[in-house]
Each structure stands twice: as C-alpha cells, then as structure tokens.
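What follows is the content of input07.pdb, which has PDB, C-alpha atoms:
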ATOM      1  CA  MET Y   1       0.000   0.000   0.000  1.00  0.00           C
ATOM      2  CA  ILE Y   2       1.232   3.485  -0.846  1.00  0.00           C
ATOM      3  CA  THR Y   3      -0.432   6.795  -0.113  1.00  0.00           C
ATOM      4  CA  LYS Y   4      -2.054   8.740  -2.927  1.00  0.00           C
ATOM      5  CA  SER Y   5       0.151  11.762  -2.230  1.00  0.00           C
ATOM      6  CA  SER Y   6       0.732  14.457  -4.809  1.00  0.00           C
ATOM      7  CA  ILE Y   7       3.851  16.493  -5.487  1.00  0.00           C
ATOM      8  CA  TYR Y   8       1.684  19.433  -4.439  1.00  0.00           C
ATOM      9  CA  ASN Y   9       1.705  18.059  -0.871  1.00  0.00           C
ATOM     10  CA  CYS Y  10       5.480  18.634  -0.831  1.00  0.00           C
ATOM     11  CA  SER Y  11       6.608  22.117   0.117  1.00  0.00           C
ATOM     12  CA  ILE Y  12       9.527  24.351   0.926  1.00  0.00           C
ATOM     13  CA  ILE Y  13       9.781  25.147   4.616  1.00  0.00           C
ATOM     14  CA  GLU Y  14      11.700  28.292   5.527  1.00  0.00           C
ATOM     15  CA  LEU Y  15      13.670  27.493   8.643  1.00  0.00           C
ATOM     16  CA  ASN Y  16      14.539  29.983  11.353  1.00  0.00           C
ATOM     17  CA  LYS Y  17      17.904  31.641  10.748  1.00  0.00           C
ATOM     18  CA  VAL Y  18      19.648  33.304  13.677  1.00  0.00           C
ATOM     19  CA  HIS Y  19      22.092  35.832  12.246  1.00  0.00           C
ATOM     20  CA  ASN Y  20      25.233  36.750  14.135  1.00  0.00           C
ATOM     21  CA  ARG Y  21      28.305  38.560  12.869  1.00  0.00           C
ATOM     22  CA  SER Y  22      30.309  35.444  13.692  1.00  0.00           C
ATOM     23  CA  GLY Y  23      28.023  33.253  11.555  1.00  0.00           C
ATOM     24  CA  ASN Y  24      24.471  32.021  11.188  1.00  0.00           C
ATOM     25  CA  LEU Y  25      22.674  29.236  13.013  1.00  0.00           C
ATOM     26  CA  THR Y  26      19.592  27.250  12.076  1.00  0.00           C
ATOM     27  CA  ALA Y  27      18.021  24.861  14.592  1.00  0.00           C
ATOM     28  CA  ILE Y  28      15.305  22.398  13.631  1.00  0.00           C
ATOM     29  CA  GLU Y  29      12.972  20.826  16.160  1.00  0.00           C
ATOM     30  CA  GLY Y  30      10.608  18.035  15.185  1.00  0.00           C
ATOM     31  CA  LYS Y  31       6.881  18.766  15.507  1.00  0.00           C
ATOM     32  CA  MET Y  32       7.706  22.466  15.917  1.00  0.00           C
ATOM     33  CA  ASP Y  33       9.688  23.570  12.863  1.00  0.00           C
ATOM     34  CA  ILE Y  34       8.759  20.564  10.743  1.00  0.00           C
ATOM     35  CA  PRO Y  35       5.597  18.417  10.758  1.00  0.00           C
ATOM     36  CA  PHE Y  36       7.158  15.218  12.149  1.00  0.00           C
ATOM     37  CA  ASP Y  37       9.429  13.934  14.906  1.00  0.00           C
ATOM     38  CA  VAL Y  38      12.949  13.278  13.657  1.00  0.00           C
ATOM     39  CA  LYS Y  39      13.998   9.645  14.111  1.00  0.00           C
ATOM     40  CA  ARG Y  40      16.992   9.590  11.758  1.00  0.00           C
ATOM     41  CA  VAL Y  41      19.443  12.123  10.329  1.00  0.00           C
ATOM     42  CA  TYR Y  42      21.929  11.472   7.548  1.00  0.00           C
ATOM     43  CA  TYR Y  43      23.870  13.497   5.027  1.00  0.00           C
ATOM     44  CA  LEU Y  44      25.304  12.964   1.576  1.00  0.00           C
ATOM     45  CA  TYR Y  45      28.628  14.515   0.607  1.00  0.00           C
ATOM     46  CA  ASP Y  46      31.459  14.077  -1.895  1.00  0.00           C
ATOM     47  CA  VAL Y  47      28.846  13.224  -4.532  1.00  0.00           C
ATOM     48  CA  PRO Y  48      30.733  13.027  -7.857  1.00  0.00           C
ATOM     49  CA  GLY Y  49      29.704  15.395 -10.641  1.00  0.00           C
ATOM     50  CA  GLY Y  50      26.925  13.902 -12.740  1.00  0.00           C
ATOM     51  CA  ALA Y  51      25.979  11.349 -10.075  1.00  0.00           C
ATOM     52  CA  GLU Y  52      22.390  10.943  -8.929  1.00  0.00           C
ATOM     53  CA  ARG Y  53      21.121   9.874  -5.528  1.00  0.00           C
ATOM     54  CA  GLY Y  54      17.715   8.838  -4.306  1.00  0.00           C
ATOM     55  CA  GLY Y  55      15.804   7.130  -7.071  1.00  0.00           C
ATOM     56  CA  HIS Y  56      13.169   5.684  -4.745  1.00  0.00           C
ATOM     57  CA  ALA Y  57       9.940   6.381  -2.863  1.00  0.00           C
ATOM     58  CA  HIS Y  58       8.810   5.656   0.680  1.00  0.00           C
ATOM     59  CA  LYS Y  59       5.545   4.139   1.814  1.00  0.00           C
ATOM     60  CA  GLU Y  60       5.382   5.912   5.195  1.00  0.00           C
ATOM     61  CA  LEU Y  61       8.544   7.945   5.749  1.00  0.00           C
ATOM     62  CA  GLN Y  62       8.472  11.750   5.672  1.00  0.00           C
ATOM     63  CA  GLN Y  63      11.646  13.739   4.995  1.00  0.00           C
ATOM     64  CA  LEU Y  64      13.049  17.226   5.186  1.00  0.00           C
ATOM     65  CA  ILE Y  65      15.866  17.656   2.654  1.00  0.00           C
ATOM     66  CA  VAL Y  66      18.266  20.589   3.094  1.00  0.00           C
ATOM     67  CA  ALA Y  67      21.225  21.797   1.042  1.00  0.00           C
ATOM     68  CA  ALA Y  68      23.484  22.332   4.061  1.00  0.00           C
ATOM     69  CA  SER Y  69      26.190  23.490   1.651  1.00  0.00           C
ATOM     70  CA  GLY Y  70      26.221  24.092  -2.089  1.00  0.00           C
ATOM     71  CA  CYS Y  71      23.192  23.234  -4.177  1.00  0.00           C
ATOM     72  CA  PHE Y  72      21.388  20.400  -5.917  1.00  0.00           C
ATOM     73  CA  ASN Y  73      17.995  19.685  -7.447  1.00  0.00           C
ATOM     74  CA  VAL Y  74      15.297  17.312  -6.253  1.00  0.00           C
ATOM     75  CA  LEU Y  75      13.035  15.752  -8.871  1.00  0.00           C
ATOM     76  CA  LEU Y  76       9.646  14.943  -7.322  1.00  0.00           C
ATOM     77  CA  ASP Y  77       7.269  12.539  -9.079  1.00  0.00           C
ATOM     78  CA  ASP Y  78       3.839  11.403  -7.865  1.00  0.00           C
ATOM     79  CA  GLY Y  79       3.204   9.076 -10.811  1.00  0.00           C
ATOM     80  CA  ARG Y  80       1.239  11.722 -12.746  1.00  0.00           C
ATOM     81  CA  ASN Y  81       3.091  15.001 -12.209  1.00  0.00           C
ATOM     82  CA  LYS Y  82       6.760  15.875 -11.931  1.00  0.00           C
ATOM     83  CA  LYS Y  83       8.448  18.917 -10.471  1.00  0.00           C
ATOM     84  CA  VAL Y  84      12.094  19.927 -10.006  1.00  0.00           C
ATOM     85  CA  VAL Y  85      12.981  21.885  -6.874  1.00  0.00           C
ATOM     86  CA  GLU Y  86      16.357  23.595  -6.520  1.00  0.00           C
ATOM     87  CA  LEU Y  87      17.786  23.641  -3.014  1.00  0.00           C
ATOM     88  CA  ASN Y  88      20.532  26.204  -2.546  1.00  0.00           C
ATOM     89  CA  ARG Y  89      20.080  27.797   0.896  1.00  0.00           C
ATOM     90  CA  PRO Y  90      20.775  26.068   4.241  1.00  0.00           C
ATOM     91  CA  TYR Y  91      17.708  27.662   5.823  1.00  0.00           C
ATOM     92  CA  TYR Y  92      15.241  26.209   3.292  1.00  0.00           C
ATOM     93  CA  GLY Y  93      14.135  22.594   3.558  1.00  0.00           C
ATOM     94  CA  LEU Y  94      12.062  20.559   1.139  1.00  0.00           C
ATOM     95  CA  TYR Y  95       9.353  18.631   2.955  1.00  0.00           C
ATOM     96  CA  VAL Y  96       8.661  15.365   1.107  1.00  0.00           C
ATOM     97  CA  VAL Y  97       5.568  13.374   2.018  1.00  0.00           C
ATOM     98  CA  PRO Y  98       5.244   9.576   1.697  1.00  0.00           C
ATOM     99  CA  GLY Y  99       4.367   8.143  -1.703  1.00  0.00           C
ATOM    100  CA  ILE Y 100       6.582  10.471  -3.755  1.00  0.00           C
ATOM    101  CA  TRP Y 101       9.392   9.259  -6.013  1.00  0.00           C
ATOM    102  CA  ARG Y 102      12.474  11.430  -5.522  1.00  0.00           C
ATOM    103  CA  GLU Y 103      15.784  11.802  -7.321  1.00  0.00           C
ATOM    104  CA  LEU Y 104      18.604  14.085  -6.202  1.00  0.00           C
ATOM    105  CA  ILE Y 105      20.490  15.479  -9.196  1.00  0.00           C
ATOM    106  CA  ASN Y 106      22.850  18.251 -10.347  1.00  0.00           C
ATOM    107  CA  PHE Y 107      25.024  18.406  -7.234  1.00  0.00           C
ATOM    108  CA  SER Y 108      27.409  21.351  -7.133  1.00  0.00           C
ATOM    109  CA  SER Y 109      31.007  20.772  -6.119  1.00  0.00           C
ATOM    110  CA  GLY Y 110      31.210  20.399  -2.336  1.00  0.00           C
ATOM    111  CA  ALA Y 111      27.436  20.117  -1.871  1.00  0.00           C
ATOM    112  CA  ILE Y 112      26.151  18.563   1.339  1.00  0.00           C
ATOM    113  CA  CYS Y 113      22.614  17.153   1.409  1.00  0.00           C
ATOM    114  CA  LEU Y 114      21.218  16.909   4.949  1.00  0.00           C
ATOM    115  CA  VAL Y 115      18.146  14.716   5.431  1.00  0.00           C
ATOM    116  CA  MET Y 116      15.898  14.429   8.474  1.00  0.00           C
ATOM    117  CA  ALA Y 117      13.549  11.444   8.451  1.00  0.00           C
ATOM    118  CA  SER Y 118      10.419  10.556  10.385  1.00  0.00           C
ATOM    119  CA  HIS Y 119      11.362   6.880  10.786  1.00  0.00           C
ATOM    120  CA  LYS Y 120      14.459   4.807  11.391  1.00  0.00           C
ATOM    121  CA  PHE Y 121      15.819   2.927   8.383  1.00  0.00           C
ATOM    122  CA  SER Y 122      13.565   0.104   7.210  1.00  0.00           C
ATOM    123  CA  GLU Y 123      14.130  -1.534   3.833  1.00  0.00           C
ATOM    124  CA  VAL Y 124      10.453  -2.572   3.804  1.00  0.00           C
ATOM    125  CA  ASP Y 125       9.445   1.118   3.548  1.00  0.00           C
ATOM    126  CA  TYR Y 126      11.405   1.642   0.300  1.00  0.00           C
ATOM    127  CA  ILE Y 127      10.097   1.293  -3.236  1.00  0.00           C
ATOM    128  CA  ARG Y 128      13.243   1.085  -5.346  1.00  0.00           C
ATOM    129  CA  VAL Y 129      11.850   0.109  -8.766  1.00  0.00           C
ATOM    130  CA  TYR Y 130       9.998   2.849 -10.636  1.00  0.00           C
ATOM    131  CA  THR Y 131       7.572   0.499 -12.394  1.00  0.00           C
ATOM    132  CA  ASP Y 132       6.622  -0.972  -8.984  1.00  0.00           C
ATOM    133  CA  PHE Y 133       6.032   2.581  -7.732  1.00  0.00           C
ATOM    134  CA  ILE Y 134       3.708   3.339 -10.648  1.00  0.00           C
ATOM    135  CA  SER Y 135       1.824   0.056 -10.133  1.00  0.00           C
ATOM    136  CA  LEU Y 136       1.330   0.798  -6.429  1.00  0.00           C
ATOM    137  CA  LYS Y 137       0.173   4.352  -7.151  1.00  0.00           C
ATOM    138  CA  ASN Y 138      -2.431   3.047  -9.600  1.00  0.00           C
ATOM    139  CA  ASP Y 139      -3.864   0.393  -7.244  1.00  0.00           C
TER     140      ASP Y 139
END
As a first step, turn the structure in this file into structure tokens.
Amino acid sequence: MITKSSIYNCSIIELNKVHNRSGNLTAIEGKMDIPFDVKRVYYLYDVPGGAERGGHAHKELQQLIVAASGCFNVLLDDGRNKKVVELNRPYYGLYVVPGIWRELINFSSGAICLVMASHKFSEVDYIRVYTDFISLKND
C-alpha cells in the first residue's frame, strides 16, 4: 500500500535563521519547525559530478531535505506530475511526504545534502523500482 500523495503536498519550509556577525545558526525541532518527529538524520557529501542519488519512494517515511552546503535539485514525481525543486540555501528545507518518487540530481562541487527522516531505516518502507512505484500508485 502506498499513499495517494501528490507532489503538491510537498513544500519548501523556511527554517529559522539566527544571524550573528560570527556566523548564522539554524536549529530544527521536530513537531515544531517541521511536521514530524525526527527519528533519523543522515547526510550525503562528496557526490561526484553527474551522479544521482535517491531514485526511490517511501511508503510511510516523511523527509526534510536541506542543502546544508552548495546546491542540488530534487526531482519529485507522484506518478502523474513531476516537479524539479532547486535547493541552494541552508535555511530552506524541502518537505517530502510519503508516496513520492524522488531523485537528487545536479550536485554542485562540495554540496552537502542533509536529510531528516520521520522513521528509522527500514528496507520494507522503500520502493526502489519505478515500475513498482507506478503500479502501487495506480492500485
């Protein structure tokens, strides 16, 4: 089973930025700044030019994806509509709901992709084959 989510349920969340002459700080608290409790945090870095990450959907997991450094694009696909979102500011996060295929592409040199997830890792939650994703969305 996969939710009937739409790419239009995904949104950019502007995170609080505390400016100081010695640098900026952004803190993120689950259920306050984002709509879920954070159960897992990971980050991607040293992604080679031209490489793509993601290429899957989740059945239940929610994510906030942030370009902690540099920039990259996120291709969102709900099985009917597609949208590309550029992430290039560390105080903007892309909220991705369950049931959305996502691909991370066009990484700049030195980009760091920070991801906060609503669940701990579970392989059962992943849909890794696009045709399976489309079949589940059409059920």
Y:Arg80 environment, 12 Å, only C-alpha atoms, sequence neighbours closer than 2 positions dropped, as a PyMOL selection string:
chain Y and resi 4-8+76-78+82-83+100-101+133-135+137-138
Shortest interatomic distance to Y:Val97 - which of Y:Leu61, Y:Cys71, Y:Ile127, Y:Val41, counting all atoms listed in the file:
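Closest to Y:Val97 of all the choices is Y:Leu61.
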For the atom pair atom CA of Y:Met116 and atom CA of Y:Arg21, what is the interatomic distance in Å to one decimal place?
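A separation of 27.5 Å between them.
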Long-range neighbours of stretch 84-92 of chain Y as a list of chain:residue names, 9 Å cut-off, all atoms listed in the file, 6 positions minimum in chain
Y:Ile12, Y:Ile13, Y:Glu14, Y:Leu15, Y:Asn16, Y:Lys17, Y:Leu25, Y:Thr26, Y:Ile65, Y:Val66, Y:Ala67, Y:Ala68, Y:Ser69, Y:Gly70, Y:Cys71, Y:Phe72, Y:Asn73, Y:Val74, Y:Leu75, Y:Leu76, Y:Asp77
Within 6 Å of Y:Val96 using only C-alpha atoms, minus same-chain residues under 2 positions, as JSON, numbers by chain
{"Y": [10, 62, 63]}
Between atom CA of Y:Ser109 and atom CA of Y:Tyr42, distance in Å (one decimal)
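The value is 18.9 Å.
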Enter the distance from atom CA of Y:Ser108 to atom CA of Y:Tyr45, in Å, rounded to one decimal.
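So the two atoms, atom CA of Y:Ser108 and atom CA of Y:Tyr45, lie 10.4 Å apart.
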Of the residues Y:Leu136, Y:Val129, Y:Leu44, Y:Ile28, which is the one nearest to Y:Leu104, using only C-alpha atoms?
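Smallest separation from Y:Leu104 among the options: Y:Leu44.
Distances from Y:Ile105, Y:Gly93, Y:Gly55, Y:Val18 to Y:Pro35 were compared using all atoms listed in the file, and the smallest one belongs to Y:Gly93.
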Using all atoms listed in the file, the residue out of Y:Pro48, Y:Gly79, Y:Gly30, Y:Gly54 with shortest distance to Y:Gly99 is Y:Gly79
